[in-house]
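Asker: Dropping the structure in here first, questions after.
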Amino acid sequence: MDMIAQIVKDNRQPVRDCMDKVQKQLPDLAGTMVIHFVVDPDGKVTKAELNVERSTVKNPEVSDCAAKVFWASNSRPRRAP
């Protein structure tokens, strides 16, 4: 569980940047996103996708960007939790 918490913490700002980028074009965009991701035993994200049912932000540009952030985290070194 510590590994998952660290992945979320490490990616919080990059995911927020996804939202901020789109908000420049759509200032009224607001809400929450729930991203489901799967982490293998080596700490690599093997799946990342928007949970549409639990998210209020359904803008595909934001959700695609957020999912890519988690995929990209595979190429960054992990910090100890």
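Simple scheme: letters A, B, ... for chains in structure tokens order, numbers from 1 for residues in each chain, numbers from 1 for ligands in the order shown.
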Can I get the residues of range 43-68 of chain A within 8 Å of range 8-25 of chain A, each with the closest pair of atoms and their distance in Å to one decimal, using only C-alpha atoms, sorted chain first then ascending number, as CSV?

Answerer:
```
residue,atom,partner,partner_atom,distance
A:Glu61,CA,A:Val22,CA,7.3
A:Val62,CA,A:Cys18,CA,5.6
A:Cys65,CA,A:Cys18,CA,5.8
A:Ala66,CA,A:Val15,CA,5.0
```

Asker: Using DSSP secondary structure from the backbone, list all strand (DSSP E or B) positions within chain A, as a compact mmCIF listing (two decimals) with N, CA and C atoms, in the first residue's frame.

Answerer:
```txt
# COMPACT_ATOMS: atom_id res chain seq x y z
N ILE A 35 -9.07 8.08 -10.88
CA ILE A 35 -8.28 7.28 -11.81
C ILE A 35 -7.99 5.94 -11.15
N HIS A 36 -8.37 4.88 -11.83
CA HIS A 36 -8.03 3.54 -11.36
C HIS A 36 -6.74 3.14 -12.06
N PHE A 37 -5.79 2.67 -11.29
CA PHE A 37 -4.57 2.18 -11.90
C PHE A 37 -4.13 0.91 -11.19
N VAL A 38 -3.41 0.08 -11.94
CA VAL A 38 -2.92 -1.19 -11.43
C VAL A 38 -1.40 -1.11 -11.41
N VAL A 39 -0.82 -1.56 -10.31
CA VAL A 39 0.63 -1.53 -10.14
C VAL A 39 1.12 -2.97 -9.98
N VAL A 45 3.17 0.88 -13.26
CA VAL A 45 1.75 1.01 -13.55
C VAL A 45 1.46 0.21 -14.82
N THR A 46 0.54 -0.75 -14.73
CA THR A 46 0.22 -1.58 -15.88
C THR A 46 -1.12 -1.22 -16.50
N LYS A 47 -1.89 -0.39 -15.79
CA LYS A 47 -3.19 0.04 -16.30
C LYS A 47 -3.54 1.34 -15.61
N ALA A 48 -4.11 2.28 -16.37
CA ALA A 48 -4.58 3.54 -15.79
C ALA A 48 -5.76 4.02 -16.63
N GLU A 49 -6.89 4.26 -15.96
CA GLU A 49 -8.08 4.72 -16.70
C GLU A 49 -9.01 5.47 -15.76
N LEU A 50 -9.80 6.34 -16.35
CA LEU A 50 -10.77 7.13 -15.60
C LEU A 50 -11.92 6.24 -15.15
```

Asker: In terms of the shortest atom-to-atom distance over only C-alpha atoms, which of A:Leu26, A:Ala67, A:Ala5, A:Ala72 is closest to Lys44 in chain A?

Answerer: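 Among the listed residues, A:Ala72 lies closest to Lys44 in chain A.
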
Asker: Determine which residues of chain A receive a DSSP assignment of helix (DSSP H, G or I), computed from the backbone, and state them as a ChimeraX atom specification.

Answerer: /A:2-23,60-75

Asker: For the selection just defined, write its residues with C-alpha atoms to a file, as a PDB file, in the first residue's frame.

Answerer:
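Contents of the output file out.pdb:
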```pdb
ATOM      1  CA  ASP A   2       2.918   2.359   0.659  1.00  0.00           C
ATOM      2  CA  MET A   3       3.999   2.024  -2.965  1.00  0.00           C
ATOM      3  CA  ILE A   4       0.545   3.051  -4.206  1.00  0.00           C
ATOM      4  CA  ALA A   5       0.419   6.032  -1.854  1.00  0.00           C
ATOM      5  CA  GLN A   6       3.825   7.140  -3.138  1.00  0.00           C
ATOM      6  CA  ILE A   7       2.748   6.828  -6.776  1.00  0.00           C
ATOM      7  CA  VAL A   8      -0.306   8.982  -6.060  1.00  0.00           C
ATOM      8  CA  LYS A   9       1.769  11.541  -4.144  1.00  0.00           C
ATOM      9  CA  ASP A  10       4.444  11.697  -6.849  1.00  0.00           C
ATOM     10  CA  ASN A  11       1.836  12.290  -9.555  1.00  0.00           C
ATOM     11  CA  ARG A  12      -0.582  14.640  -7.792  1.00  0.00           C
ATOM     12  CA  GLN A  13       0.875  17.842  -9.290  1.00  0.00           C
ATOM     13  CA  PRO A  14       1.314  16.509 -12.843  1.00  0.00           C
ATOM     14  CA  VAL A  15      -2.338  15.374 -12.811  1.00  0.00           C
ATOM     15  CA  ARG A  16      -3.391  18.778 -11.470  1.00  0.00           C
ATOM     16  CA  ASP A  17      -1.396  20.332 -14.336  1.00  0.00           C
ATOM     17  CA  CYS A  18      -3.576  18.352 -16.778  1.00  0.00           C
ATOM     18  CA  MET A  19      -6.677  19.953 -15.288  1.00  0.00           C
ATOM     19  CA  ASP A  20      -5.126  23.432 -15.191  1.00  0.00           C
ATOM     20  CA  LYS A  21      -4.137  23.227 -18.858  1.00  0.00           C
ATOM     21  CA  VAL A  22      -7.693  22.463 -19.977  1.00  0.00           C
ATOM     22  CA  GLN A  23      -9.170  25.031 -17.579  1.00  0.00           C
ATOM     23  CA  PRO A  60     -11.405  13.312 -22.348  1.00  0.00           C
ATOM     24  CA  GLU A  61      -8.464  15.696 -22.710  1.00  0.00           C
ATOM     25  CA  VAL A  62      -8.075  15.862 -18.926  1.00  0.00           C
ATOM     26  CA  SER A  63      -8.605  12.150 -18.289  1.00  0.00           C
ATOM     27  CA  ASP A  64      -6.285  11.081 -21.134  1.00  0.00           C
ATOM     28  CA  CYS A  65      -3.584  13.412 -19.855  1.00  0.00           C
ATOM     29  CA  ALA A  66      -3.982  12.110 -16.289  1.00  0.00           C
ATOM     30  CA  ALA A  67      -3.766   8.478 -17.426  1.00  0.00           C
ATOM     31  CA  LYS A  68      -0.608   9.306 -19.416  1.00  0.00           C
ATOM     32  CA  VAL A  69       0.924  10.825 -16.276  1.00  0.00           C
ATOM     33  CA  PHE A  70       0.587   7.484 -14.496  1.00  0.00           C
ATOM     34  CA  TRP A  71       1.953   5.573 -17.501  1.00  0.00           C
ATOM     35  CA  ALA A  72       4.907   7.973 -17.680  1.00  0.00           C
ATOM     36  CA  SER A  73       5.628   7.371 -13.999  1.00  0.00           C
ATOM     37  CA  ASN A  74       7.047   3.991 -15.050  1.00  0.00           C
ATOM     38  CA  SER A  75      10.099   5.744 -16.497  1.00  0.00           C
TER      39      SER A  75
END
```

Asker: For a test of reading the model, state the distance in Å between CA of Arg54 in chain A and CA of Asp28 in chain A, rounded to one decimal.

Answerer: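 Going from CA of Arg54 in chain A over to CA of Asp28 in chain A covers 19.5 Å.
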